[in-house]
Amino acid sequence: MTKRYNYKLFLLALLYIFPIALFSQTSLNGKVTGPDGNPIGQATVLVDGSGSATSTNEHGEFMLSGVSNGKTTIITRAVGYQTNRKTVPSSTNDVLHIILQEDNLNLNEVVVSATRYGLDRRDAPVVVNVLSPKLFNATQSVAMSETLNYQPGVRVENNCQNCGFSQVRLNGMEGAYSQILINSRSVFSALNSVYGLDQIPTSMIDRIEVVRSGGSALFGANAIAGTINIITKDPIENDWQVKSTNSLIDGSAWDNTIDFNTSTVTDDLRVGVTFYGMHRNREAWDANGDGFSEMTKLRNTTFGTKAFFKPSEYDKITVDLSVLNEFRRGGDRLEIAPHFTDITEQLQTNSFIGGATYDHYSQNWKHKISIYASAQKSTRDSYYGGLGGSRTRQDSITAANAYGVTNDFAMVAGGQYTYTFAKDVLTAGVELTTNKTTDDIPGYDRNIDQKTQGIGSYAQYEWKVAEPLKLLVGARYDYTKVDGKYSLLQHHRTSDESFGTFSPRFTLLYDIHPELQFRGGYARGFRAPQAFNEDMHVTSVAGEQVFVLMGQDLKTETSDAYTGSFNYTRNFGNTQTSLLVEGFYTALHNQFMNVRTAEEDAIILEEMRNGTGATVYGSNIELSIAPSSAVTFQAGGTIQRSKYNEEQIIFEAENPADDVATVRFLRTPNTYGYLNTNIKATKQFAVDVTGVYTGSMIAPHYQADQTLLLKTTRDFMEMNLRLGYTLPIRKEFSVELFGGIQNIFNAFQKDFDSGPLRDSDYVYGPAKPRTFTFGIRIGHFH
């Protein structure tokens with residue numbers, strides 16, 4: 001009897017206690033404001049480790065249900081503010097007041113380049129740097145090439161006096177080691193990379209995300225040095241602006257640009273569209289009065305749009321389209337036909353870039369499926385030639401046959417699945433890529449007919465092992481086929497190769513302290529044996545043209561990259577600070593090199609070969625300070641070494657004793673850096689001071705007698721100033737008048753080659769001399 005009685009009491013206790021434990025939850029009321037006490041609408045409020053979430057209304061108020069009795073961590077996020085974590089006591093009936101501090105350094109903005117899905121920069125297991133429209137304005141940049149220098153480990157250089165060919169180097173490696181993405185898609189091909197940095201206007205860019213080293217391995221081939229992800233503007237709100245920028249280069253050449261962007265979104269946020277465009281007209285500039293350009297004549301017209309449609313709360317369709325038309329010409333006597341000049345490089349490029357993405361979420365927002373396709377089609381009419389200072393009949397025939405035609409098509413299509421657990425995230429996908437390029441210059445018997453195809457599959461798991469430790473483990477397998485035919489004069493090479501490449505990736509994020517984070521990782525990368533961006537460019541030396549020829553039996557280039565960094569962020573009162581110290585080490589195996597070999601039929605040959613290996617190592621440092629939203633300061637720098645494992649021949653002379661070899665990478669300074677200071681003196685008046693430091697480097701200089709000298713260049717400090725005054729005409733209409741000086745102290749190369757026999761690639765240092773800029777911006781802008 002006693003046992004039965006005790007059993008009943010036990011059951012009654014379970015029936016009473018278990019529901020209380022299971023359903024002992026409550027609702028939490030609160031309000032979110034800024035430091036000034038003004039309410040913050042559309043802030044996200046969620047319970048850490050659960051699916052309970054809500055958002056604030058226009059008064060900053062919220063009610064969060066499903067909050068368990070007991071200590072609970074509430075996470076609050078809002079665009080433009082620092083993420084707030086607040087522990088709620090066991091029980092409270094008070095209205096919770098959450099104050100968000102302004103994120104003046106954008107440390108909590110959402111990025112996609114670290115993991116292929118959106119997450120806060122502070123939560124990303126790899127370092128992601130972001131360039132924003134605020135920086136574009138501060139540096140008076142009208143094209144992407146003018147703003148990339150303002151990140152540690154990143155340097156843009158001009159490589160040709162005749163055509164203005166530029167490339168971006170990450171951690172000291174050439175442009176072909178970096179993968180440029182548009183909206184996370186790899187449609188920016190080798191041909192686009194030759195002049196594309198100047199063709200993409202800042203008016204179409206929402207932000208540029210930069211991932212250095214091999215942390216970007218999941219994006220596929222050619223990401224050894226990192227990725228540069230161009231995110232075009234999204235329609236977020238009803239907005240518009242028109243801007244005219246006018247620059248006077250060295251007091252003699254005009255550079256006039258007009259650009260615009262406008263967005264409209266329906267009241268229910270189901271449909272939105274943005275349009276952007278740019279027209280640029282730049283005169284050629286001659287630095288030394290020899291009649292030959294150091295900066296090219298340039299005309300560029302770009303127009304594009306991006307739109308989204310949400311058929312339901314869980315589905316989204318995004319479409320983007322861009323059309324680019326550019327004409328550039330350099331050399332001498334730019335007003336006459338190219339084949340009557342001593343040197344001319346002339347390019348007429350037309351590009352079409354487009355893409356579509358379909359995103360679907362499950363009703364609990366844990367599953368996401370993305371299906372996408374992007375493509376670009378480019379055509380280029382070119383002229384690389386001239387009389388070279390001579391006037392013989394054969395010179396005239398050769399010059400008249402130096403016209404060429406290039407066609408390029410690139411496409412990427414795939415699907416990606418993302419599953420979000422309570423704390424972990426699983427991502428997997430498959431991607432199909434293709435790129436077909438033909439480059440034909442009949443007068444030089446030069447032809448490139450190359451087709452690359454690949455299918456890649458990848459998977460990664462973001463594992464939050466414990467509260468302070470997050471691991472990201474992933475890998476990608478690419479099966480690549482290269483089918484290429486390369487002809488130059490009597491030389492004929494082919495590449496018909498299929499191979500598979502496995503690229504693992506491992507990174508970790510450890511929160512040593514709420515204010516101190518450590519990131520570390522390893523990634524493997526590869527480059528297939530094919531023609532790269534610099535191979536699509538033809539240079540001029542001593543009146544003769546230089547062409548790159550594919551080598552025989554090239555092996556795939558691979559890399560092993562290691563990174564480690566400490567990131568310290570802390571608020572000192574209202575002052576927000578961040579210090580990043582990063583180390584990197586990359587080992588290159590079978591690296592591709594271009595070796596100048598011989599002269600045949602007035603053409604200079606460079607052959608692509610495999611090297612014996614190289615190492616690139618060093619450190620990046622970045623300091624950011626924001627005492628308030630009115631003042632921000634950023635400075636960063638890189639100290640590195642880029643060396644071949646043994647001396648590499650870069651010039652083969654007729655006499656082997658005259659061969660030129662080097663153990664150092666060319667055109668790679670050991671130190672370089674930047675600074676960016678933004679001061680909002682009043683609500684209307686803004687002052688921006690920016691600068692770029694370029695350290696000494698070794699630059700190759702080919703002489704008129706076809707010998708090669710390696711010269712040690714000087715270092716440069718380029719300083720810029722911009723002043724802007726905004727007139728608030730109406731609530732949604734403002735006018736900004738701005739002006740400034742770029743390269744105030746005229747830190748510029750002084751020893752350019754001159755005349756028709758010059759080495760047009762002997763270029764180093766800042767991209768432009770002292771330049772005065774002024775303009776006007778009107779519209780609804782922030």
# chains A, B, ... in the order shown; residues from 1 in each chain; ligands from 1
>>> select_by_dssp(residues="stretch 562-729 of chain A", states="strand (DSSP E)", output="ChimeraX atom specification")
/A:562-572,575-589,592-600,603-610,614-628,631-651,660-664,671-680,685-694,698-702,708-712,716-729
>>> residues_around(residues="A:Ile343", least_positions_apart="6", cutoff="9 Å", atoms="only C-alpha atoms", output="JSON, numbers by chain")
{"A": [162, 292, 330, 331, 332, 333, 384, 385, 386, 387, 388, 389, 540, 543, 756, 757]}
>>> closest_residue(among="A:Asp440, A:Leu710, A:Val110, A:Gly691", to="A:Ala661", atoms="only C-alpha atoms")
A:Leu710
>>> atom_distance(atom1="atom CA of A:Leu549", atom2="atom CA of A:Glu345")
19.7 Å
>>> closest_atom_pairs(of="stretch 577-671 of chain A", to="stretch 474-487 of chain A", cutoff="12 Å", atoms="only C-alpha atoms", output="tab-separated table")
residue	atom	partner	partner_atom	distance
A:Leu605	CA	A:Ser487	CA	11.8
A:Glu607	CA	A:Tyr486	CA	11.5
A:Met608	CA	A:Tyr486	CA	11.7
>>> select_by_dssp(residues="stretch 219-456 of chain A", states="alpha helix (DSSP H)", output="number ranges by chain")
A: 393-400
>>> closest_residue(among="A:Tyr672, A:Phe499, A:Phe308, A:Phe752", to="A:Glu294", atoms="only C-alpha atoms")
A:Phe752
>>> atom_distance(atom1="atom CA of A:Asn38", atom2="atom CA of A:Phe733")
23.1 Å
>>> residues_around(residues="A:Gly60", least_positions_apart="2", cutoff="10 Å", atoms="only C-alpha atoms", output="list in words")
Gly30, Lys31, Val32, Thr33, Gly34, Asn38, Pro39, Ile40, Gly41, Gln42, Ala43, Ser55, Thr56, Asn57, Glu58, Phe62, His97 and Ile98 of chain A
>>> residues_around(residues="A:Asp659", least_positions_apart="6", cutoff="10 Å", atoms="only C-alpha atoms", output="VMD selection string")
chain A and resid 597 649 to 653 707 to 708
>>> write_last_selection(atoms="N, CA and C atoms", output="PDB file, in the first residue's frame")
ATOM      1  N   THR A 597      63.060  35.481 -74.262  1.00  0.00           N
ATOM      2  CA  THR A 597      63.973  34.497 -74.829  1.00  0.00           C
ATOM      3  C   THR A 597      64.707  34.954 -76.082  1.00  0.00           C
ATOM      4  N   ILE A 649      65.911  32.649 -64.058  1.00  0.00           N
ATOM      5  CA  ILE A 649      66.281  33.417 -65.247  1.00  0.00           C
ATOM      6  C   ILE A 649      65.033  34.113 -65.781  1.00  0.00           C
ATOM      7  N   ILE A 650      65.128  35.427 -65.992  1.00  0.00           N
ATOM      8  CA  ILE A 650      64.017  36.169 -66.566  1.00  0.00           C
ATOM      9  C   ILE A 650      64.366  36.730 -67.940  1.00  0.00           C
ATOM     10  N   PHE A 651      65.667  36.644 -68.320  1.00  0.00           N
ATOM     11  CA  PHE A 651      66.105  37.131 -69.622  1.00  0.00           C
ATOM     12  C   PHE A 651      67.221  36.221 -70.129  1.00  0.00           C
ATOM     13  N   GLU A 652      66.960  35.569 -71.268  1.00  0.00           N
ATOM     14  CA  GLU A 652      67.951  34.698 -71.891  1.00  0.00           C
ATOM     15  C   GLU A 652      68.618  35.439 -73.039  1.00  0.00           C
ATOM     16  N   ALA A 653      69.908  35.702 -72.899  1.00  0.00           N
ATOM     17  CA  ALA A 653      70.660  36.397 -73.936  1.00  0.00           C
ATOM     18  C   ALA A 653      71.272  35.380 -74.903  1.00  0.00           C
ATOM     19  N   THR A 707      69.035  44.781 -74.234  1.00  0.00           N
ATOM     20  CA  THR A 707      69.572  44.253 -72.984  1.00  0.00           C
ATOM     21  C   THR A 707      68.647  44.652 -71.839  1.00  0.00           C
ATOM     22  N   LEU A 708      68.814  43.978 -70.704  1.00  0.00           N
ATOM     23  CA  LEU A 708      67.931  44.204 -69.555  1.00  0.00           C
ATOM     24  C   LEU A 708      68.736  44.675 -68.354  1.00  0.00           C
TER      25      LEU A 708
END
>>> residues_around(residues="A:Arg121", least_positions_apart="3", cutoff="7 Å", atoms="only C-alpha atoms", output="list in words")
Leu107, Asn108, Glu109, Val110, Val111, Ala124 and Val128 of chain A
>>> write_last_selection(atoms="C-alpha atoms", output="JSON list (two decimals), in the first residue's frame")
[["chain", "number", "residue", "atom", "x", "y", "z"],
["A", 107, "LEU", "CA", 33.12, 46.11, -37.89],
["A", 108, "ASN", "CA", 29.71, 44.50, -37.60],
["A", 109, "GLU", "CA", 28.57, 44.76, -41.21],
["A", 110, "VAL", "CA", 27.49, 41.63, -43.06],
["A", 111, "VAL", "CA", 29.96, 40.07, -45.54],
["A", 124, "ALA", "CA", 33.88, 35.52, -39.91],
["A", 128, "VAL", "CA", 37.50, 40.27, -44.61]]
>>> residues_around(residues="A:Ser186", least_positions_apart="4", cutoff="8 Å", atoms="only C-alpha atoms", output="PyMOL selection string")
chain A and resi 179-182+219+411-412
>>> closest_atom_pairs(of="stretch 75-190 of chain A", to="stretch 254-266 of chain A", cutoff="12 Å", atoms="only C-alpha atoms", output="CSV")
residue,atom,partner,partner_atom,distance
A:Gln140,CA,A:Thr257,CA,11.2
A:Ser141,CA,A:Thr257,CA,10.4
A:Val142,CA,A:Thr257,CA,7.4
A:Ala143,CA,A:Thr257,CA,10.0
>>> closest_residue(among="A:Glu544, A:Glu557, A:Glu622, A:Glu61", to="A:Tyr177", atoms="only C-alpha atoms")
A:Glu557
>>> closest_residue(among="A:Gly172, A:Pro766, A:Gly354, A:Pro442", to="A:Phe409", atoms="only C-alpha atoms")
A:Gly354
>>> closest_residue(among="A:Val689, A:Ala542, A:Ser189, A:Phe275", to="A:Gln376", atoms="only C-alpha atoms")
A:Ser189
>>> atom_distance(atom1="atom CA of A:Ile228", atom2="atom CA of A:Leu148")
9.4 Å
>>> decode(residues="stretch 236-270 of chain A", atoms="N, CA and C atoms", output="PDB file, in the first residue's frame")
ATOM      1  N   ILE A 236      17.571  49.203 -51.894  1.00  0.00           N
ATOM      2  CA  ILE A 236      17.179  49.089 -50.487  1.00  0.00           C
ATOM      3  C   ILE A 236      16.110  50.107 -50.124  1.00  0.00           C
ATOM      4  N   GLU A 237      16.230  51.308 -50.674  1.00  0.00           N
ATOM      5  CA  GLU A 237      15.272  52.360 -50.389  1.00  0.00           C
ATOM      6  C   GLU A 237      15.177  53.270 -51.602  1.00  0.00           C
ATOM      7  N   ASN A 238      14.205  54.158 -51.603  1.00  0.00           N
ATOM      8  CA  ASN A 238      14.069  55.124 -52.681  1.00  0.00           C
ATOM      9  C   ASN A 238      15.178  56.159 -52.548  1.00  0.00           C
ATOM     10  N   ASP A 239      16.048  56.182 -53.542  1.00  0.00           N
ATOM     11  CA  ASP A 239      17.272  56.963 -53.436  1.00  0.00           C
ATOM     12  C   ASP A 239      17.718  57.366 -54.835  1.00  0.00           C
ATOM     13  N   TRP A 240      18.439  58.484 -54.952  1.00  0.00           N
ATOM     14  CA  TRP A 240      19.005  58.854 -56.247  1.00  0.00           C
ATOM     15  C   TRP A 240      20.097  59.895 -56.056  1.00  0.00           C
ATOM     16  N   GLN A 241      21.035  59.903 -56.985  1.00  0.00           N
ATOM     17  CA  GLN A 241      22.060  60.931 -56.990  1.00  0.00           C
ATOM     18  C   GLN A 241      22.723  61.006 -58.357  1.00  0.00           C
ATOM     19  N   VAL A 242      23.173  62.196 -58.709  1.00  0.00           N
ATOM     20  CA  VAL A 242      23.932  62.451 -59.935  1.00  0.00           C
ATOM     21  C   VAL A 242      25.180  63.220 -59.541  1.00  0.00           C
ATOM     22  N   LYS A 243      26.320  62.813 -60.091  1.00  0.00           N
ATOM     23  CA  LYS A 243      27.581  63.440 -59.688  1.00  0.00           C
ATOM     24  C   LYS A 243      28.425  63.746 -60.915  1.00  0.00           C
ATOM     25  N   SER A 244      29.021  64.917 -60.915  1.00  0.00           N
ATOM     26  CA  SER A 244      29.968  65.307 -61.956  1.00  0.00           C
ATOM     27  C   SER A 244      31.332  65.535 -61.298  1.00  0.00           C
ATOM     28  N   THR A 245      32.360  64.809 -61.777  1.00  0.00           N
ATOM     29  CA  THR A 245      33.719  64.927 -61.250  1.00  0.00           C
ATOM     30  C   THR A 245      34.638  65.379 -62.378  1.00  0.00           C
ATOM     31  N   ASN A 246      35.378  66.450 -62.134  1.00  0.00           N
ATOM     32  CA  ASN A 246      36.261  67.014 -63.163  1.00  0.00           C
ATOM     33  C   ASN A 246      37.663  67.156 -62.593  1.00  0.00           C
ATOM     34  N   SER A 247      38.632  66.586 -63.297  1.00  0.00           N
ATOM     35  CA  SER A 247      40.014  66.594 -62.821  1.00  0.00           C
ATOM     36  C   SER A 247      40.930  67.187 -63.884  1.00  0.00           C
ATOM     37  N   LEU A 248      41.902  67.948 -63.425  1.00  0.00           N
ATOM     38  CA  LEU A 248      42.915  68.526 -64.303  1.00  0.00           C
ATOM     39  C   LEU A 248      44.254  67.895 -63.938  1.00  0.00           C
ATOM     40  N   ILE A 249      44.752  67.046 -64.828  1.00  0.00           N
ATOM     41  CA  ILE A 249      45.958  66.267 -64.571  1.00  0.00           C
ATOM     42  C   ILE A 249      47.189  67.099 -64.904  1.00  0.00           C
ATOM     43  N   ASP A 250      47.988  67.371 -63.888  1.00  0.00           N
ATOM     44  CA  ASP A 250      49.236  68.122 -64.046  1.00  0.00           C
ATOM     45  C   ASP A 250      49.007  69.471 -64.737  1.00  0.00           C
ATOM     46  N   GLY A 251      47.805  70.013 -64.587  1.00  0.00           N
ATOM     47  CA  GLY A 251      47.493  71.314 -65.168  1.00  0.00           C
ATOM     48  C   GLY A 251      47.344  71.324 -66.664  1.00  0.00           C
ATOM     49  N   SER A 252      47.288  70.133 -67.316  1.00  0.00           N
ATOM     50  CA  SER A 252      47.281  70.132 -68.785  1.00  0.00           C
ATOM     51  C   SER A 252      46.274  69.187 -69.428  1.00  0.00           C
ATOM     52  N   ALA A 253      45.827  68.135 -68.736  1.00  0.00           N
ATOM     53  CA  ALA A 253      44.930  67.155 -69.346  1.00  0.00           C
ATOM     54  C   ALA A 253      43.672  67.009 -68.494  1.00  0.00           C
ATOM     55  N   TRP A 254      42.500  67.053 -69.142  1.00  0.00           N
ATOM     56  CA  TRP A 254      41.227  66.977 -68.430  1.00  0.00           C
ATOM     57  C   TRP A 254      40.733  65.539 -68.335  1.00  0.00           C
ATOM     58  N   ASP A 255      40.101  65.253 -67.211  1.00  0.00           N
ATOM     59  CA  ASP A 255      39.443  63.963 -66.974  1.00  0.00           C
ATOM     60  C   ASP A 255      38.048  64.279 -66.420  1.00  0.00           C
ATOM     61  N   ASN A 256      37.031  64.151 -67.258  1.00  0.00           N
ATOM     62  CA  ASN A 256      35.664  64.530 -66.896  1.00  0.00           C
ATOM     63  C   ASN A 256      34.776  63.289 -66.800  1.00  0.00           C
ATOM     64  N   THR A 257      34.060  63.185 -65.685  1.00  0.00           N
ATOM     65  CA  THR A 257      33.192  62.030 -65.447  1.00  0.00           C
ATOM     66  C   THR A 257      31.845  62.507 -64.938  1.00  0.00           C
ATOM     67  N   ILE A 258      30.783  61.900 -65.439  1.00  0.00           N
ATOM     68  CA  ILE A 258      29.465  62.095 -64.870  1.00  0.00           C
ATOM     69  C   ILE A 258      28.879  60.717 -64.606  1.00  0.00           C
ATOM     70  N   ASP A 259      28.365  60.493 -63.399  1.00  0.00           N
ATOM     71  CA  ASP A 259      27.781  59.206 -63.073  1.00  0.00           C
ATOM     72  C   ASP A 259      26.498  59.412 -62.279  1.00  0.00           C
ATOM     73  N   PHE A 260      25.696  58.356 -62.216  1.00  0.00           N
ATOM     74  CA  PHE A 260      24.435  58.443 -61.487  1.00  0.00           C
ATOM     75  C   PHE A 260      24.071  57.070 -60.942  1.00  0.00           C
ATOM     76  N   ASN A 261      23.227  57.041 -59.941  1.00  0.00           N
ATOM     77  CA  ASN A 261      22.557  55.817 -59.513  1.00  0.00           C
ATOM     78  C   ASN A 261      21.245  56.204 -58.858  1.00  0.00           C
ATOM     79  N   THR A 262      20.255  55.355 -59.048  1.00  0.00           N
ATOM     80  CA  THR A 262      18.929  55.597 -58.497  1.00  0.00           C
ATOM     81  C   THR A 262      18.287  54.265 -58.149  1.00  0.00           C
ATOM     82  N   SER A 263      17.507  54.253 -57.076  1.00  0.00           N
ATOM     83  CA  SER A 263      16.843  53.033 -56.619  1.00  0.00           C
ATOM     84  C   SER A 263      15.403  53.342 -56.257  1.00  0.00           C
ATOM     85  N   THR A 264      14.540  52.368 -56.457  1.00  0.00           N
ATOM     86  CA  THR A 264      13.153  52.480 -56.020  1.00  0.00           C
ATOM     87  C   THR A 264      12.696  51.123 -55.508  1.00  0.00           C
ATOM     88  N   VAL A 265      11.936  51.154 -54.415  1.00  0.00           N
ATOM     89  CA  VAL A 265      11.449  49.931 -53.768  1.00  0.00           C
ATOM     90  C   VAL A 265       9.976  50.139 -53.428  1.00  0.00           C
ATOM     91  N   THR A 266       9.161  49.113 -53.663  1.00  0.00           N
ATOM     92  CA  THR A 266       7.739  49.222 -53.334  1.00  0.00           C
ATOM     93  C   THR A 266       7.542  49.257 -51.827  1.00  0.00           C
ATOM     94  N   ASP A 267       6.384  49.748 -51.404  1.00  0.00           N
ATOM     95  CA  ASP A 267       6.111  49.908 -49.977  1.00  0.00           C
ATOM     96  C   ASP A 267       6.130  48.580 -49.230  1.00  0.00           C
ATOM     97  N   ASP A 268       5.737  47.495 -49.916  1.00  0.00           N
ATOM     98  CA  ASP A 268       5.721  46.190 -49.250  1.00  0.00           C
ATOM     99  C   ASP A 268       7.057  45.469 -49.345  1.00  0.00           C
ATOM    100  N   LEU A 269       8.067  46.140 -49.921  1.00  0.00           N
ATOM    101  CA  LEU A 269       9.434  45.590 -50.043  1.00  0.00           C
ATOM    102  C   LEU A 269       9.475  44.289 -50.845  1.00  0.00           C
ATOM    103  N   ARG A 270       8.513  44.100 -51.733  1.00  0.00           N
ATOM    104  CA  ARG A 270       8.479  42.879 -52.549  1.00  0.00           C
ATOM    105  C   ARG A 270       9.244  43.049 -53.867  1.00  0.00           C
TER     106      ARG A 270
END
